[in-house]
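S.K.: First the structure, then my questions, so here it is.
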Amino acid sequence: MLIIKEYVRLYTKIMLNNKISFLWYLVFPLILFFVYNYNWLMSGPDAYSFYFQASMFLAYITFVMSIEVTTSLISMRENGFLKMFKFVSGNKYPMIFGKIITQLSFLTLSILLFSLVISLFSLSNTADIILFIVCSLVTSLCGAIPAMFFFLVLMIFPMKQESLVTILNMLLLVFLLVTANNLAHSMSWGIILLYINPLELVRALNLLITEFITGEQYDNFSMAYILFGLILYIIIGFFGMRYMRIVSSTNRT
Amino acid sequence: MNWGIHMIKIQNLSYRHKGCSKYHLENLSVEFKPGTVNVIIGKNGSGKTTLFDLITNVINRPAEIKGVPKESEIIYQLQGLLFPATLKGKDLFRFFLYTDYKNDIRISNTPYTDQYMAPSEIELMEKVWNTQFGQLSVGERRYLSILAITLMQRKLYVFDEPTSGVDPEARMQILQRIEKLTRATNSIVILSTHTLHEFQHINCKIHLLHKGNIKFQGTYTQFVENTFNHNPDVAFYQNLIL
């Protein structure tokens with residue numbers, strides 16, 4: 001545990017050194033949220049619309065912060081860090097768990113700030129604001145853990161960080177469009193989208209937990225489908241973690 | 001500590017990377033024993049890092065390599081890792097030690113020193129302890145990380161060019177720390193280098209790797225004995241063209 005703590009310490013310093021990424025995680029979705037829902041600044045939204053719209057943005061933040069576990073680990077693989085510290089720590093797992101814990105901490109902070117800002121502008125009742133913030137934190141953390149594990153499967157492949165980031169940025173756009181337009185619910189084979197689009201799965205989990213907390217009913221997949229997806233993601237993630245490459249095959253270290 | 005005498009024995013090893021037609025190592029036979037620093041020299045691209053990767057099982061270790069301790073008993077130092085510029089020398093040192101699964105050394109706010117350090121090393125530690133990583137020279141960074149690694153307890157130490165980009169005084173300090181490993185333990189120490197002059201004062205065995213095979217093996221004195229002024233760089237060149 002002490003070893004993992006030390007990795008968390010280092011990764012936290014690296015994250016704090018890279019403040020620009022916060023724009024990507026936090027400021028960008030905040031701006032987008034207000035651009036899409038500027039009318040809510042004049043007249044407050046109803047609870048259903050607010051939670052439904054917010055779930056999309058919460059899923060986005062969760063998605064981009066979850067994928068960063070893998071992109072950072074790939075970057076560390078490319079510069080030889082994983083290769084060397086696997087020997088120092090005895091195995092690769094402290095480096096991975098350290099990164100996951102660091103990312104979950106920053107995700108908590110981002111979700112807290114995001115939900116606080118949008119609820120302060122959109123909700124009038126303090127109890128509603130607190131409920132929304134709690135709901136956002138619980139749903140995002142529950143969605144992030146399987147997503148972070150799932151993306152580790154990418155480390156089995158010999159790809160560079162730059163290539164992966166480019167591919168993911170393109171995919172993210174597609175995933176966003178698919179999820180924002182509720183295509184998974186309007187097509188007969190929409191269930192496939194739930195499993196191949198992590199953004200969709202995270203959002204579905206978000207709405208599912210929101211239903212439990214608020215009692216509202218949303219147009220969503222059934223709990224069985226969502227749980228199956230999450231278990232599948234975690235199994236794939238453990239497989240990825242077990243067989244991931246720790247040495248770059250594209251770069252000599 | 002005493003782990004019993006053991007050695008790494010490689011016999012007739014041939015290896016080429018996937019997709020390469022040319023062998024990086026060809027019928028290589030060599031032994032690495034404890035009690036001396038095993039120095040691998042060779043031109044750039046001669047297969048030194050490939051050999052290290054094979055020994056440490058970073059590339060799946062073939063059966064031709066025998067006597068290697070299990071992975072958890074190996075430490076493999078790489079050159080040029082980057083850390084956040086704001087990290088202080090003491091943070092870097094602490095990070096290396098505290099991520100070592102066998103570590104029992106605790107770090108405080110006062111610079112780490114021990115009885116094996118020369119006054120110049122103690123002075124260096126005092127200088128780098130509170131200096132940010134971004135402000136440290138290559139040599140200072142290298143010294144800190146090698147010092148931390150030599151404090152780790154392993155049966156096999158592999159150093160990939162530990163003295164590259166380092167000034168002569170720091171090179172000597174680094175090599176003396178590495179040499180100490182061969183005296184205090186029965187560990188095997190293997191390192192690669194391109195700078196040979198300092199090895200005159202180090203208990204070492206030189207292995208010259210060229211075209212996938214060992215061209216020379218012997219002590220520093222044997223290596224330079226037939227050269228004018230006993231210059232190791234000339235000896236290196238002469239051995240390659242022989």
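Labels used: A, B, ... for chains in the order of the structure tokens, numbers from 1 for residues in each chain, and numbers from 1 for ligands as shown.
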Got a sec: who's within 10 Å of A:Thr12, counting only C-alpha atoms, leaving out chain neighbours fewer than 4 positions off, as a ChimeraX atom specification?

M.R.: /A:6-8,16-18,98-99,101-103,105-106

S.K.: Set the distance at 12 Å and use only C-alpha atoms: which residues neighbour B:Leu240 once local chain neighbours fewer than 6 positions away are removed? I'd like the list as a PDB file with C-alpha atoms, in the first residue's frame.

M.R.:
ATOM      1  CA  ILE B  41      31.123  -2.312 -24.201  1.00  0.00           C
ATOM      2  CA  GLY B  42      30.382  -2.117 -27.868  1.00  0.00           C
ATOM      3  CA  LYS B  43      29.457   0.233 -30.673  1.00  0.00           C
ATOM      4  CA  SER B  46      25.887  -3.698 -31.048  1.00  0.00           C
ATOM      5  CA  LEU B 208      33.451  -6.293 -25.803  1.00  0.00           C
ATOM      6  CA  LEU B 209      30.330  -7.030 -27.815  1.00  0.00           C
ATOM      7  CA  HIS B 210      30.696  -6.680 -31.563  1.00  0.00           C
ATOM      8  CA  LYS B 211      28.553  -7.990 -34.417  1.00  0.00           C
ATOM      9  CA  ASN B 213      29.412 -11.800 -30.364  1.00  0.00           C
ATOM     10  CA  ILE B 214      32.080 -11.267 -27.704  1.00  0.00           C
ATOM     11  CA  LYS B 215      35.326 -10.010 -29.263  1.00  0.00           C
ATOM     12  CA  PHE B 216      37.249  -9.563 -26.026  1.00  0.00           C
ATOM     13  CA  ASP B 233      39.474   4.142 -26.563  1.00  0.00           C
ATOM     14  CA  VAL B 234      42.361   3.019 -28.769  1.00  0.00           C
TER      15      VAL B 234
END

S.K.: Hey, could you make a per-residue contact list for chain B against chain A with 7 Å as the cut-off, showing the nearest pair of atoms and its distance in Å to one decimal, counting only C-alpha atoms, sorted by chain and number, as CSV?

M.R.:
residue,atom,partner,partner_atom,distance
B:Ser72,CA,A:Gly90,CA,5.0
B:Ile74,CA,A:Phe87,CA,6.3
B:Ile75,CA,A:Phe87,CA,5.3
B:Tyr76,CA,A:Met84,CA,5.9
B:Gln77,CA,A:Met84,CA,6.1
B:Leu78,CA,A:Met84,CA,6.4
B:Leu81,CA,A:Phe81,CA,6.6
B:Pro84,CA,A:Ile14,CA,5.8
B:Phe95,CA,A:Glu6,CA,6.4
B:Tyr98,CA,A:Ile3,CA,6.1
B:Thr99,CA,A:Ile3,CA,4.7
B:Asp100,CA,A:Ser89,CA,4.8
B:Tyr101,CA,A:Ser89,CA,4.9

S.K.: For C-alpha atoms, I'd like the residues from the last selection saved as a CSV table (one decimal), in the first residue's frame.

M.R.:
chain,number,residue,atom,x,y,z
B,72,SER,CA,11.8,-9.9,-8.2
B,74,ILE,CA,16.5,-8.1,-10.5
B,75,ILE,CA,16.9,-4.3,-10.8
B,76,TYR,CA,17.3,-2.8,-14.2
B,77,GLN,CA,18.3,0.8,-14.4
B,78,LEU,CA,17.5,2.8,-17.5
B,81,LEU,CA,13.8,9.0,-17.3
B,84,PRO,CA,8.1,16.6,-13.2
B,95,PHE,CA,10.3,8.1,-4.9
B,98,TYR,CA,9.7,4.1,-1.4
B,99,THR,CA,8.6,2.3,-4.5
B,100,ASP,CA,11.2,-0.4,-3.9
B,101,TYR,CA,9.3,-3.3,-2.5

S.K.: Quick one: residues within 12 Å of A:Ser119, only C-alpha atoms, excluding same-chain residues fewer than 2 positions away - as JSON, numbers by chain?

M.R.: {"A": [30, 33, 34, 40, 41, 44, 45, 47, 50, 51, 53, 54, 111, 112, 113, 114, 115, 116, 117, 121, 122, 123, 124, 125, 126, 127, 128, 129, 130, 131, 132, 133, 134, 135, 136]}

S.K.: Between B:Leu54, B:Met152, B:Ile178, B:Ile10, which one has atoms that come closest to B:Asp104, using only C-alpha atoms?

M.R.: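 Ranking B:Leu54, B:Met152, B:Ile178, B:Ile10 by distance to B:Asp104, first place goes to B:Met152.
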
S.K.: Which residue out of B:Asn44, B:Gln173, B:Thr150, B:Gln132 has the minimum interatomic distance to B:Pro119 when only C-alpha atoms are used?

M.R.: B:Gln173

S.K.: As an exercise, work out the distance from atom CA of B:Glu169 to atom CA of B:Phe93 in Å and give it to one decimal place.

M.R.: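 For atom CA of B:Glu169 relative to atom CA of B:Phe93, the distance reads 20.2 Å.
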
S.K.: Might you pull out every residue within 10 Å of B:Leu196, with only C-alpha atoms counted and same-chain residues fewer than 6 positions away left off, and present them as a PyMOL selection string?

M.R.: chain B and resi 39+41+163+206+220+231-233+236

S.K.: Near B:Phe83, counting only C-alpha atoms, which residues have an atom at most 9 Å away, once you skip same-chain residues fewer than 3 positions from it, shown as a ChimeraX atom specification?

M.R.: /A:10,14 /B:86-87,92,133-134

S.K.: Can you tell me how far atom CA of B:Glu26 sits from atom CA of B:Asn12, in Å to one decimal?

M.R.: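 Taking atom CA of B:Glu26 and atom CA of B:Asn12, their separation equals 7.4 Å.
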